[in-house]
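Below is the file start.cif, which contains mmCIF, C-alpha atoms.
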data_structure
loop_
_atom_site.label_atom_id
_atom_site.label_comp_id
_atom_site.auth_asym_id
_atom_site.auth_seq_id
_atom_site.Cartn_x
_atom_site.Cartn_y
_atom_site.Cartn_z
CA MET A 11 -15.72 43.31 -5.31
CA LYS A 12 -12.04 42.94 -4.57
CA ASN A 13 -12.56 43.48 -0.84
CA ASN A 14 -15.37 41.01 -0.87
CA ASP A 15 -13.05 38.44 -2.44
CA ILE A 16 -10.46 38.93 0.28
CA ILE A 17 -12.98 38.38 3.07
CA ILE A 18 -14.47 35.34 1.36
CA ASN A 19 -11.01 33.82 0.97
CA ILE A 20 -9.98 34.48 4.58
CA VAL A 21 -13.18 32.91 5.88
CA ARG A 22 -12.82 30.00 3.48
CA PHE A 23 -9.24 29.41 4.66
CA ILE A 24 -10.17 29.24 8.34
CA VAL A 25 -13.36 27.25 7.90
CA LEU A 26 -11.64 24.70 5.68
CA VAL A 27 -8.75 24.15 8.10
CA PHE A 28 -11.10 23.51 11.01
CA LEU A 29 -13.46 21.39 8.96
CA GLN A 30 -10.50 19.31 7.82
CA VAL A 31 -8.86 18.68 11.19
CA LEU A 32 -12.00 18.32 13.28
CA MET A 33 -14.14 16.25 10.95
CA LEU A 34 -12.76 15.08 7.65
CA ASN A 35 -9.49 13.66 8.99
CA ASN A 36 -11.48 11.32 11.20
CA ILE A 37 -13.57 9.70 8.50
CA ASN A 38 -11.01 6.96 7.73
CA LEU A 39 -13.23 5.12 5.27
CA ALA A 40 -12.02 1.51 4.99
CA GLY A 41 -9.26 2.37 7.43
CA TYR A 42 -7.26 4.90 5.47
CA ILE A 43 -9.34 6.92 2.99
CA ASN A 44 -9.93 10.56 3.90
CA PRO A 45 -11.21 13.40 1.75
CA TYR A 46 -8.85 16.37 1.65
CA LEU A 47 -11.42 19.07 1.05
CA TYR A 48 -9.15 21.88 2.25
CA ILE A 49 -7.49 22.24 -1.17
CA PHE A 50 -10.86 23.66 -2.25
CA PHE A 51 -9.28 26.96 -1.18
CA ILE A 52 -6.54 26.63 -3.79
CA LEU A 53 -8.97 25.49 -6.48
CA MET A 54 -11.31 28.43 -5.97
CA TYR A 55 -8.69 31.13 -5.49
CA PRO A 56 -9.58 34.01 -7.85
CA LEU A 57 -8.11 33.47 -11.32
CA ASP A 58 -6.80 37.03 -11.49
CA GLY A 59 -5.26 36.91 -8.01
CA ASN A 60 -1.56 37.27 -7.32
CA LYS A 61 0.20 33.97 -8.04
CA GLY A 62 3.03 34.48 -5.57
CA LEU A 63 0.52 35.20 -2.84
CA LEU A 64 -1.38 32.04 -3.71
CA ILE A 65 1.78 29.93 -3.37
CA PHE A 66 2.52 31.46 0.00
CA LEU A 67 -1.06 31.10 1.26
CA SER A 68 -1.22 27.50 0.10
CA PHE A 69 1.97 26.79 1.97
CA LEU A 70 0.44 28.29 5.11
CA LEU A 71 -2.76 26.31 4.55
CA GLY A 72 -0.82 23.07 4.28
CA LEU A 73 1.33 23.93 7.25
CA SER A 74 -1.72 24.54 9.44
CA ILE A 75 -3.03 21.10 8.53
CA ASP A 76 0.42 19.63 9.21
CA ILE A 77 0.61 21.16 12.67
CA PHE A 78 -2.69 19.55 13.58
CA GLU A 79 -1.81 16.27 11.94
CA ASP A 80 1.76 15.94 13.21
CA SER A 81 2.88 15.15 9.70
CA GLY A 82 5.92 17.43 9.36
CA GLY A 83 5.50 19.30 6.09
CA VAL A 84 3.79 16.89 3.75
CA HIS A 85 0.60 18.91 3.28
CA ALA A 86 2.57 22.14 3.00
CA ALA A 87 4.77 20.70 0.26
CA ALA A 88 1.83 19.26 -1.67
CA CYS A 89 -0.14 22.53 -1.43
CA ALA A 90 2.77 24.70 -2.50
CA PHE A 91 3.27 22.35 -5.43
CA ILE A 92 -0.29 22.48 -6.73
CA ALA A 93 -0.46 26.25 -6.19
CA PHE A 94 2.63 26.60 -8.34
CA ILE A 95 1.38 24.26 -11.04
CA ARG A 96 -2.15 25.70 -11.08
CA PRO A 97 -1.67 28.16 -13.99
CA VAL A 98 -0.48 25.31 -16.20
CA VAL A 99 -3.43 23.12 -15.26
CA LEU A 100 -5.80 26.04 -15.83
CA LYS A 101 -4.39 26.50 -19.30
CA TYR A 102 -4.84 22.93 -20.43
CA SER A 103 -8.23 22.43 -18.86
CA PHE A 104 -9.93 25.70 -19.83
CA GLY A 105 -7.85 26.67 -22.84
CA VAL A 106 -5.86 29.87 -23.19
CA SER A 107 -8.95 32.01 -22.72
CA TYR A 108 -8.75 31.85 -18.94
CA GLU A 109 -6.00 34.43 -19.05
CA TYR A 110 -8.39 37.04 -20.36
CA ASN A 111 -10.78 36.58 -17.44
CA SER A 112 -13.47 35.23 -19.67
CA VAL A 113 -13.75 32.04 -17.65
CA LYS A 114 -15.37 31.62 -14.27
CA ILE A 115 -14.65 28.35 -12.52
CA LYS A 116 -18.17 28.13 -11.20
CA LYS A 117 -19.76 28.57 -14.59
CA ALA A 118 -17.32 26.61 -16.71
CA ASP A 119 -18.17 23.54 -18.73
CA PRO A 120 -18.58 20.53 -16.38
CA ILE A 121 -16.01 18.38 -18.22
CA GLU A 122 -13.41 21.15 -18.19
CA LYS A 123 -14.16 21.74 -14.53
CA LEU A 124 -13.73 18.07 -13.74
CA THR A 125 -10.39 17.91 -15.58
CA TYR A 126 -9.20 20.89 -13.60
CA ILE A 127 -10.27 19.51 -10.22
CA ALA A 128 -9.12 15.95 -10.88
CA SER A 129 -5.64 16.95 -12.11
CA LEU A 130 -4.94 19.16 -9.11
CA VAL A 131 -6.39 16.70 -6.61
CA PHE A 132 -4.38 13.76 -7.90
CA MET A 133 -1.16 15.78 -8.05
CA HIS A 134 -1.74 16.95 -4.51
CA GLN A 135 -2.45 13.45 -3.21
CA PHE A 136 0.51 11.97 -5.02
CA VAL A 137 3.04 14.48 -3.68
CA MET A 138 1.54 14.26 -0.22
CA PHE A 139 1.53 10.47 0.03
CA SER A 140 4.99 10.08 -1.50
CA LEU A 141 6.42 12.40 1.14
CA GLU A 142 4.44 10.82 3.93
CA ILE A 143 5.26 7.24 3.07
CA PHE A 144 8.75 8.09 1.85
CA SER A 145 9.92 4.64 0.80
CA PHE A 146 9.84 2.48 -2.30
CA GLU A 147 8.87 -0.50 -0.21
CA HIS A 148 5.32 0.73 0.12
CA ILE A 149 4.80 1.91 -3.44
CA LEU A 150 1.57 -0.06 -3.79
CA LEU A 151 0.21 1.54 -0.66
CA LEU A 152 1.15 4.91 -2.15
CA LEU A 153 -0.72 4.29 -5.40
CA LYS A 154 -3.71 2.82 -3.62
CA SER A 155 -3.96 5.73 -1.18
CA THR A 156 -3.55 8.27 -3.97
CA LEU A 157 -6.26 6.68 -6.10
CA PHE A 158 -8.90 6.16 -3.42
CA SER A 159 -8.32 9.31 -1.40
CA GLY A 160 -8.17 11.24 -4.67
CA LEU A 161 -11.51 9.88 -5.86
CA PHE A 162 -13.12 10.54 -2.50
CA THR A 163 -11.72 14.07 -2.44
CA ILE A 164 -13.03 14.80 -5.95
CA ILE A 165 -16.51 13.61 -4.99
CA VAL A 166 -16.55 15.75 -1.85
CA ILE A 167 -15.24 18.81 -3.71
CA ALA A 168 -17.83 18.37 -6.46
CA CYS A 169 -20.59 18.12 -3.86
CA THR A 170 -19.33 21.26 -2.13
CA MET A 171 -19.31 23.14 -5.42
CA ILE A 172 -22.84 22.10 -6.27
CA LEU A 173 -24.00 23.04 -2.80
CA PHE A 174 -22.52 26.53 -2.91
CA ASN A 175 -23.43 27.23 -6.51
CA ARG A 176 -27.08 26.70 -5.80
CA LYS A 177 -26.92 29.06 -2.87
CA SER A 178 -25.41 31.93 -4.83
CA THR A 179 -27.83 31.83 -7.75
CA MET B 14 23.81 42.67 -12.47
CA GLN B 15 20.66 43.84 -14.16
CA GLN B 16 20.40 40.45 -15.80
CA ILE B 17 20.40 38.74 -12.44
CA ILE B 18 17.75 41.04 -11.04
CA PHE B 19 15.57 40.50 -14.10
CA PHE B 20 16.06 36.79 -13.72
CA PHE B 21 14.83 36.96 -10.15
CA ILE B 22 11.84 39.08 -11.07
CA ARG B 23 10.87 36.85 -13.97
CA ASN B 24 11.13 33.69 -11.92
CA LYS B 25 9.94 35.01 -8.61
CA ASN B 26 7.02 32.57 -8.39
CA PHE B 27 9.22 29.64 -9.12
CA LEU B 28 11.81 30.75 -6.57
CA LEU B 29 9.15 31.29 -3.94
CA PHE B 30 7.77 27.85 -4.66
CA ALA B 31 11.25 26.30 -4.54
CA VAL B 32 12.02 27.86 -1.18
CA LEU B 33 8.70 26.86 0.39
CA PHE B 34 8.86 23.37 -1.04
CA THR B 35 12.37 22.88 0.34
CA ILE B 36 11.26 24.08 3.76
CA SER B 37 8.34 21.66 3.85
CA VAL B 38 10.40 18.72 2.61
CA GLY B 39 12.96 19.61 5.29
CA LEU B 40 10.24 19.57 7.94
CA THR B 41 9.04 16.23 6.64
CA ILE B 42 12.48 14.66 6.79
CA GLN B 43 12.93 16.04 10.27
CA THR B 44 9.83 14.25 11.49
CA HIS B 45 11.08 11.02 9.98
CA ASN B 46 13.75 11.02 12.66
CA TYR B 47 12.54 10.02 16.06
CA HIS B 48 12.73 12.73 18.73
CA ASN B 49 13.42 15.54 16.34
CA ASN B 50 9.88 16.63 15.67
CA LYS B 51 10.17 19.60 17.98
CA PHE B 52 9.42 22.21 15.41
CA ILE B 53 5.99 21.37 14.13
CA SER B 54 3.97 19.20 16.39
CA SER B 55 0.41 18.98 17.61
CA SER B 56 1.54 19.20 21.23
CA ASN B 57 1.40 22.98 21.15
CA PHE B 58 -0.98 25.40 22.77
CA ILE B 59 -3.36 26.08 19.88
CA THR B 60 -3.78 22.61 18.42
CA GLY B 61 -3.87 21.03 21.85
CA GLY B 62 -6.64 23.41 22.86
CA VAL B 63 -8.66 22.69 19.73
CA TYR B 64 -8.31 18.94 20.14
CA THR B 65 -9.28 19.13 23.81
CA PHE B 66 -12.38 21.04 22.82
CA ARG B 67 -13.30 18.38 20.26
CA ASN B 68 -12.68 15.61 22.73
CA ASN B 69 -14.85 17.14 25.38
CA ILE B 70 -17.72 16.79 22.94
CA ALA B 71 -16.76 13.40 21.59
CA ASP B 72 -16.28 11.94 25.06
CA TYR B 73 -19.97 12.13 25.84
CA LEU B 74 -20.74 9.87 22.94
CA ASN B 75 -18.43 7.15 24.24
CA LEU B 76 -19.29 7.32 27.92
CA GLY B 77 -21.13 4.00 27.96
CA LYS B 78 -18.30 2.03 26.43
CA GLU B 79 -15.67 3.74 28.55
CA ASN B 80 -17.58 2.98 31.72
CA GLU B 81 -17.79 -0.64 30.80
CA GLN B 82 -14.05 -0.80 30.22
CA LEU B 83 -13.30 0.88 33.52
CA LEU B 84 -15.64 -1.52 35.28
CA GLN B 85 -13.85 -4.45 33.76
CA GLU B 86 -10.51 -3.09 34.80
CA ASN B 87 -11.78 -2.48 38.32
CA LEU B 88 -12.98 -6.04 38.44
CA MET B 89 -9.58 -7.32 37.37
CA LEU B 90 -7.76 -5.16 39.91
CA ARG B 91 -10.14 -6.23 42.64
CA LYS B 92 -9.43 -9.87 41.89
CA LYS B 93 -5.72 -9.22 42.11
CA LEU B 94 -6.17 -7.35 45.35
CA ASP B 95 -8.01 -10.30 46.85
CA GLN B 96 -5.16 -12.59 45.94
CA PHE B 97 -2.75 -10.28 47.71
CA LYS B 98 -4.88 -10.10 50.83
CA GLU B 99 -4.58 -13.81 51.40
CA VAL B 100 -0.82 -13.65 51.20
CA VAL B 101 -0.19 -10.49 53.13
CA VAL B 102 -2.48 -11.05 56.06
CA PHE B 103 -0.06 -13.30 57.88
CA GLU B 104 2.99 -11.16 57.37
CA LYS B 105 4.06 -8.22 59.44
CA LEU B 106 4.37 -4.98 57.51
CA ASP B 107 7.94 -3.95 57.02
CA SER B 108 8.74 -0.47 58.24
CA THR B 109 10.99 0.26 55.29
CA ILE B 110 8.97 0.32 52.13
CA LEU B 111 11.19 0.15 49.10
CA PRO B 112 10.57 2.94 46.61
CA ASN B 113 8.55 1.73 43.67
CA LYS B 114 10.46 1.18 40.46
CA TYR B 115 7.61 2.31 38.23
CA LYS B 116 5.42 5.36 38.56
CA TYR B 117 2.08 5.58 36.76
CA PHE B 118 0.20 8.58 35.39
CA THR B 119 -3.17 8.73 33.70
CA ALA B 120 -3.98 10.77 30.63
CA ARG B 121 -6.69 11.22 28.05
CA VAL B 122 -6.11 10.77 24.34
CA ILE B 123 -7.25 13.92 22.57
CA ASN B 124 -6.12 13.02 19.06
CA ASN B 125 -5.46 9.63 17.58
CA ASN B 126 -4.61 8.52 14.07
CA TYR B 127 -4.09 5.06 12.68
CA SER B 128 -4.56 5.38 8.94
CA LYS B 129 -1.14 6.78 8.07
CA THR B 130 2.22 5.03 8.03
CA LYS B 131 3.66 7.09 10.86
CA ASN B 132 0.90 7.47 13.37
CA GLN B 133 0.95 9.71 16.42
CA LEU B 134 -1.38 10.30 19.33
CA THR B 135 -1.77 13.49 21.34
CA ILE B 136 -2.54 13.31 25.06
CA ASP B 137 -3.65 16.02 27.47
CA LYS B 138 -0.74 15.82 29.93
CA GLY B 139 2.58 17.60 29.51
CA LYS B 140 5.66 18.87 31.28
CA ARG B 141 3.49 20.41 33.98
CA ASP B 142 2.34 16.93 34.94
CA SER B 143 5.96 15.74 34.90
CA ILE B 144 5.60 13.84 31.64
CA ARG B 145 8.93 13.34 29.90
CA ILE B 146 10.06 12.08 26.51
CA ASP B 147 10.44 8.28 26.37
CA LEU B 148 7.77 7.36 28.88
CA GLY B 149 5.85 4.22 27.95
CA VAL B 150 2.13 4.52 27.21
CA ILE B 151 -0.33 1.67 27.78
CA SER B 152 -4.07 1.30 28.05
CA SER B 153 -5.99 -1.08 30.26
CA LYS B 154 -5.81 -3.68 27.50
CA GLY B 155 -2.21 -3.37 26.36
CA ILE B 156 0.61 -1.42 24.87
CA VAL B 157 -0.01 1.88 23.01
CA GLY B 158 3.30 3.65 22.30
CA ILE B 159 6.08 5.86 23.56
CA VAL B 160 6.05 9.61 24.34
CA SER B 161 7.96 11.38 21.59
CA ASP B 162 7.48 15.06 22.34
CA VAL B 163 6.17 17.17 25.22
CA SER B 164 5.00 20.75 25.65
CA GLU B 165 3.70 22.51 28.77
CA ASN B 166 0.28 20.88 28.76
CA TYR B 167 0.31 18.28 26.02
CA ALA B 168 2.44 15.46 24.72
CA THR B 169 2.61 13.48 21.49
CA VAL B 170 2.97 9.73 21.54
CA GLN B 171 4.57 7.65 18.82
CA SER B 172 2.01 4.91 18.37
CA ILE B 173 3.08 1.28 17.89
CA LEU B 174 1.34 1.73 14.54
CA ASN B 175 4.32 3.65 13.24
CA THR B 176 6.98 2.33 10.87
CA LYS B 177 9.62 3.89 13.13
CA SER B 178 8.38 2.10 16.22
CA ARG B 179 10.42 -0.88 17.42
CA ILE B 180 9.52 -2.37 20.75
CA ASN B 181 11.19 -5.19 22.61
CA ALA B 182 8.72 -8.06 23.04
CA LYS B 183 8.78 -11.71 23.96
CA LEU B 184 6.72 -14.88 23.97
CA LYS B 185 5.03 -15.32 27.30
CA LYS B 186 5.54 -19.06 27.52
CA SER B 187 9.13 -19.42 26.36
CA SER B 188 10.65 -15.95 26.85
CA HIS B 189 12.16 -15.78 23.36
CA PHE B 190 12.86 -12.15 22.52
CA GLY B 191 11.99 -10.25 19.36
CA SER B 192 11.05 -6.79 18.13
CA LEU B 193 7.54 -5.54 17.54
CA ILE B 194 7.15 -3.54 14.31
CA TRP B 195 4.26 -2.56 12.05
CA ASN B 196 3.93 -3.14 8.31
CA THR B 197 1.23 -0.44 7.81
CA LYS B 198 -1.38 -2.87 6.51
CA ASP B 199 -3.86 -3.32 9.34
CA PRO B 200 -4.28 -1.19 12.49
CA ASN B 201 -5.18 -4.29 14.49
CA VAL B 202 -2.22 -6.43 13.46
CA ALA B 203 1.44 -5.75 14.29
CA GLN B 204 4.47 -7.88 13.42
CA LEU B 205 6.97 -9.56 15.68
CA ILE B 206 10.34 -10.20 14.06
CA ASP B 207 13.65 -11.72 15.09
CA ILE B 208 12.13 -14.59 17.04
CA PRO B 209 14.66 -17.43 16.60
CA ARG B 210 13.42 -20.54 14.83
CA LEU B 211 14.16 -22.60 17.90
CA ALA B 212 11.16 -21.05 19.58
CA GLN B 213 8.05 -23.20 19.63
CA LEU B 214 5.25 -21.08 18.24
CA GLU B 215 1.57 -21.78 18.14
CA LYS B 216 -1.43 -19.78 17.03
CA GLY B 217 -2.94 -17.94 19.98
CA ASP B 218 0.28 -17.68 22.00
CA THR B 219 0.44 -14.52 24.08
CA ILE B 220 3.04 -11.84 23.33
CA ILE B 221 4.14 -9.52 26.15
CA THR B 222 6.73 -6.75 26.51
CA GLY B 223 10.22 -8.00 27.16
CA GLY B 224 11.45 -5.70 29.92
CA ARG B 225 14.81 -5.32 28.26
CA SER B 226 14.18 -1.68 27.48
CA THR B 227 14.00 1.00 30.13
CA ILE B 228 10.65 2.15 28.80
CA PHE B 229 8.18 -0.64 29.48
CA PRO B 230 8.21 -2.95 32.47
CA GLU B 231 8.19 -6.64 31.69
CA GLY B 232 4.90 -8.38 31.06
CA ILE B 233 2.67 -5.68 29.60
CA LEU B 234 0.21 -7.39 27.28
CA ILE B 235 0.63 -6.89 23.53
CA GLY B 236 -1.41 -9.49 21.67
CA THR B 237 -1.76 -13.04 20.45
CA VAL B 238 -0.10 -14.86 17.55
CA LYS B 239 -2.30 -14.72 14.46
CA ASP B 240 -0.04 -16.61 12.08
CA PHE B 241 3.68 -16.99 11.51
CA ASP B 242 6.21 -17.86 8.86
CA LEU B 243 9.97 -18.18 8.57
CA ASP B 244 11.68 -15.21 6.94
CA LYS B 245 13.92 -15.27 3.84
CA ASP B 246 17.00 -16.71 5.53
CA ASP B 247 14.93 -19.26 7.46
CA ASN B 248 16.55 -18.24 10.72
CA TYR B 249 13.88 -16.12 12.26
CA TYR B 250 10.13 -16.12 12.45
CA TYR B 251 7.97 -13.35 11.06
CA VAL B 252 4.90 -13.36 13.28
CA ASN B 253 1.61 -11.52 12.76
CA VAL B 254 0.26 -10.41 16.11
CA ASN B 255 -3.39 -9.65 16.81
CA LEU B 256 -3.22 -6.68 19.18
CA PHE B 257 -5.28 -6.82 22.36
CA ASN B 258 -5.72 -3.09 22.12
CA ASP B 259 -8.15 -1.63 19.65
CA MET B 260 -5.84 1.12 18.45
CA THR B 261 -8.72 2.79 16.62
CA SER B 262 -10.61 3.62 19.80
CA LEU B 263 -8.40 4.81 22.63
CA GLU B 264 -9.71 7.08 25.33
CA HIS B 265 -7.89 6.79 28.64
CA VAL B 266 -4.26 5.71 28.81
CA TYR B 267 -1.62 5.21 31.47
CA LEU B 268 1.94 6.49 31.30
CA ILE B 269 4.73 4.55 32.93
CA GLU B 270 7.84 6.15 34.28
CA ASN B 271 10.80 3.96 35.14
CA ASN B 272 12.55 5.67 38.05
CA GLN B 273 15.75 3.84 37.33
CA ALA B 274 15.83 4.51 33.60
CA SER B 275 18.45 7.24 33.80
CA GLU B 276 20.65 5.08 36.01
CA ILE B 277 20.50 2.15 33.58
CA LEU B 278 21.10 4.34 30.54
CA GLU B 279 24.05 6.03 32.18
CA LEU B 280 25.59 2.71 33.07
CA GLU B 281 25.10 1.36 29.54
CA LYS B 282 26.49 4.52 28.04
CA GLY B 283 29.58 4.17 30.22
CA VAL B 284 30.15 0.67 28.91
CA GLU B 285 29.75 1.82 25.32
CA ASP B 286 32.22 4.64 25.81
CA GLU B 287 34.75 2.25 27.20
CA GLU B 288 34.45 0.01 24.18
CA GLN B 289 35.21 2.82 21.79
#
Would you kindly transcribe this structure into structure tokens?
Amino acid sequence: MKNNDIIINIVRFIVLVFLQVLMLNNINLAGYINPYLYIFFILMYPLDGNKGLLIFLSFLLGLSIDIFEDSGGVHAAACAFIAFIRPVVLKYSFGVSYEYNSVKIKKADPIEKLTYIASLVFMHQFVMFSLEIFSFEHILLLLKSTLFSGLFTIIVIACTMILFNRKST
Amino acid sequence: MQQIIFFFIRNKNFLLFAVLFTISVGLTIQTHNYHNNKFISSSNFITGGVYTFRNNIADYLNLGKENEQLLQENLMLRKKLDQFKEVVVFEKLDSTILPNKYKYFTARVINNNYSKTKNQLTIDKGKRDSIRIDLGVISSKGIVGIVSDVSENYATVQSILNTKSRINAKLKKSSHFGSLIWNTKDPNVAQLIDIPRLAQLEKGDTIITGGRSTIFPEGILIGTVKDFDLDKDDNYYYVNVNLFNDMTSLEHVYLIENNQASEILELEKGVEDEEQ
């Protein structure tokens, strides 16, 4: 089971990076809206996994996107941030019970699941866009990008979850 | 001592996060300075290879449009050539041909973005093809950007759609100088600032490069005036420029090398040193 998890996560990491840089970054809906599906890796990381490892892996994940995107370290920073904050978000969206392994993200209550995804996605987008834009002059652009890209990302992540859930059952 | 070690163990996740976050913010700030994005850039072996692979596929889908553009450019060049023929035919060829001031290279865009605030392109030529930092990049329709980083086989280009970009430009009809910047709103519209209010502006006026920099030769097309307004102090115009280039679909570009750039820069540097 544990070995299986490791392989699944490695494959997920690589597939998501390539999917992101080769396809999703070129969607540019309405000129600037892209889904950032790659944080799916951080969302679905096993709940009982090592937290330090998750932070490090998320950093690497973000950095790989950054190298392709020429964006310095904005994705890396945003990913490390949400990986660090994930336990807190888990606690307030699923209740304390998640610590006793009684919760599975895939089988959780849809509303709780949505809270979890939406909080992490918006935090990620906000940190990422603030670092990328990096000036108070364009604060409206920042909020606009965060909102629309965030919504798009949530929709794409939800679709991916539905797609893979059906397959496994 | 034990206390300190316990502190580290208890907060190890936070410390790890703090270190990684600082590194990434550092990398981000580094890329906000022009020319310093050496560390993490898409002009490296792996990413360049992946982007080339993608482009080889994507190119087939755009062949029709690209052909049409090349045809149009050929047509334009042919017309120019005909004009030259009429002039040259009566003159004897001089035995000493002066070395050309500008050298041109061609390259293919393998990655292009235009939806961020600091946009970059990646092209498939690098040091091996004698591409250097600070070469100008144009397409058949107009200006594209400036080379900001090179590796063996690839180079990244700072697009004109980049808040750091500042390019010397002028009005074609009256030669008033200004700077071309971008306000991040629309990938087809750039802004020309610092045009003095004395200049007579009209909608549809052509904007070209100014030739004051060592990067672009004079007279490369940029765009036409969309609308204009005086700025806060009423001394300068703030002009919206419709770009000739469609920055969202670039395929083949030309790089321009100014053979005398180093000479000019050296001379200017000498003058600056003297003033200090």
From the set B:Tyr127, B:Phe257, B:Tyr64, B:Phe118, which residue has the shortest atom-to-atom contact distance to Phe78 of chain A, counting only C-alpha atoms?
->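 Selected residue with least distance to Phe78 of chain A: B:Tyr64.
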Result set of the PyMOL selection byres ((chain B and resi 204) around 9) on the coordinates above, as a ChimeraX atom specification = /B:192-196,202-203,205-206,251-255
Extract, using all atoms listed in the file, all DNA, RNA and protein residues at most 10 Å from Ala168 of chain A, discarding same-chain residues fewer than 2 positions from it, and format them as a VMD selection string.
-> chain A and resid 47 50 123 to 124 127 162 to 166 170 to 173
Keeping only C-alpha atoms, write those residues as a PDB file, in the coordinates of the input.
ATOM      1  CA  LEU A  47     -11.420  19.070   1.050  1.00  0.00           C
ATOM      2  CA  PHE A  50     -10.860  23.660  -2.250  1.00  0.00           C
ATOM      3  CA  LYS A 123     -14.160  21.740 -14.530  1.00  0.00           C
ATOM      4  CA  LEU A 124     -13.730  18.070 -13.740  1.00  0.00           C
ATOM      5  CA  ILE A 127     -10.270  19.510 -10.220  1.00  0.00           C
ATOM      6  CA  PHE A 162     -13.120  10.540  -2.500  1.00  0.00           C
ATOM      7  CA  THR A 163     -11.720  14.070  -2.440  1.00  0.00           C
ATOM      8  CA  ILE A 164     -13.030  14.800  -5.950  1.00  0.00           C
ATOM      9  CA  ILE A 165     -16.510  13.610  -4.990  1.00  0.00           C
ATOM     10  CA  VAL A 166     -16.550  15.750  -1.850  1.00  0.00           C
ATOM     11  CA  THR A 170     -19.330  21.260  -2.130  1.00  0.00           C
ATOM     12  CA  MET A 171     -19.310  23.140  -5.420  1.00  0.00           C
ATOM     13  CA  ILE A 172     -22.840  22.100  -6.270  1.00  0.00           C
ATOM     14  CA  LEU A 173     -24.000  23.040  -2.800  1.00  0.00           C
TER      15      LEU A 173
END
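Selected on chain B by distance to chain A: Asn26, Phe30, Leu33, Phe34, Ser37, Val38, Leu40, Thr41, Thr44, Ile53, Ser54, Ser55, Thr60, Ser128, Lys129 and Thr130 of chain B (within 7 Å, counting only C-alpha atoms).
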Using all atoms listed in the file, find all polymer residues with an atom at most 10 Å away from the point (10.5, -19.3, 24.2); report them as a PyMOL selection string.
-> chain B and resi 183-190+208-214
The PyMOL selection byres ((chain B and resi 223-236) around 6) applied to the shown file, residues as a list in words =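 With the PyMOL selection byres ((chain B and resi 223-236) around 6) on this model, the match is Leu148, Gly149, Gly155, Ile156, Asn181, Ala182, Lys183, Thr219, Ile220, Ile221, Thr222, Thr237, Val254, Asn255, Leu256, Phe257 and Ala274 of chain B.
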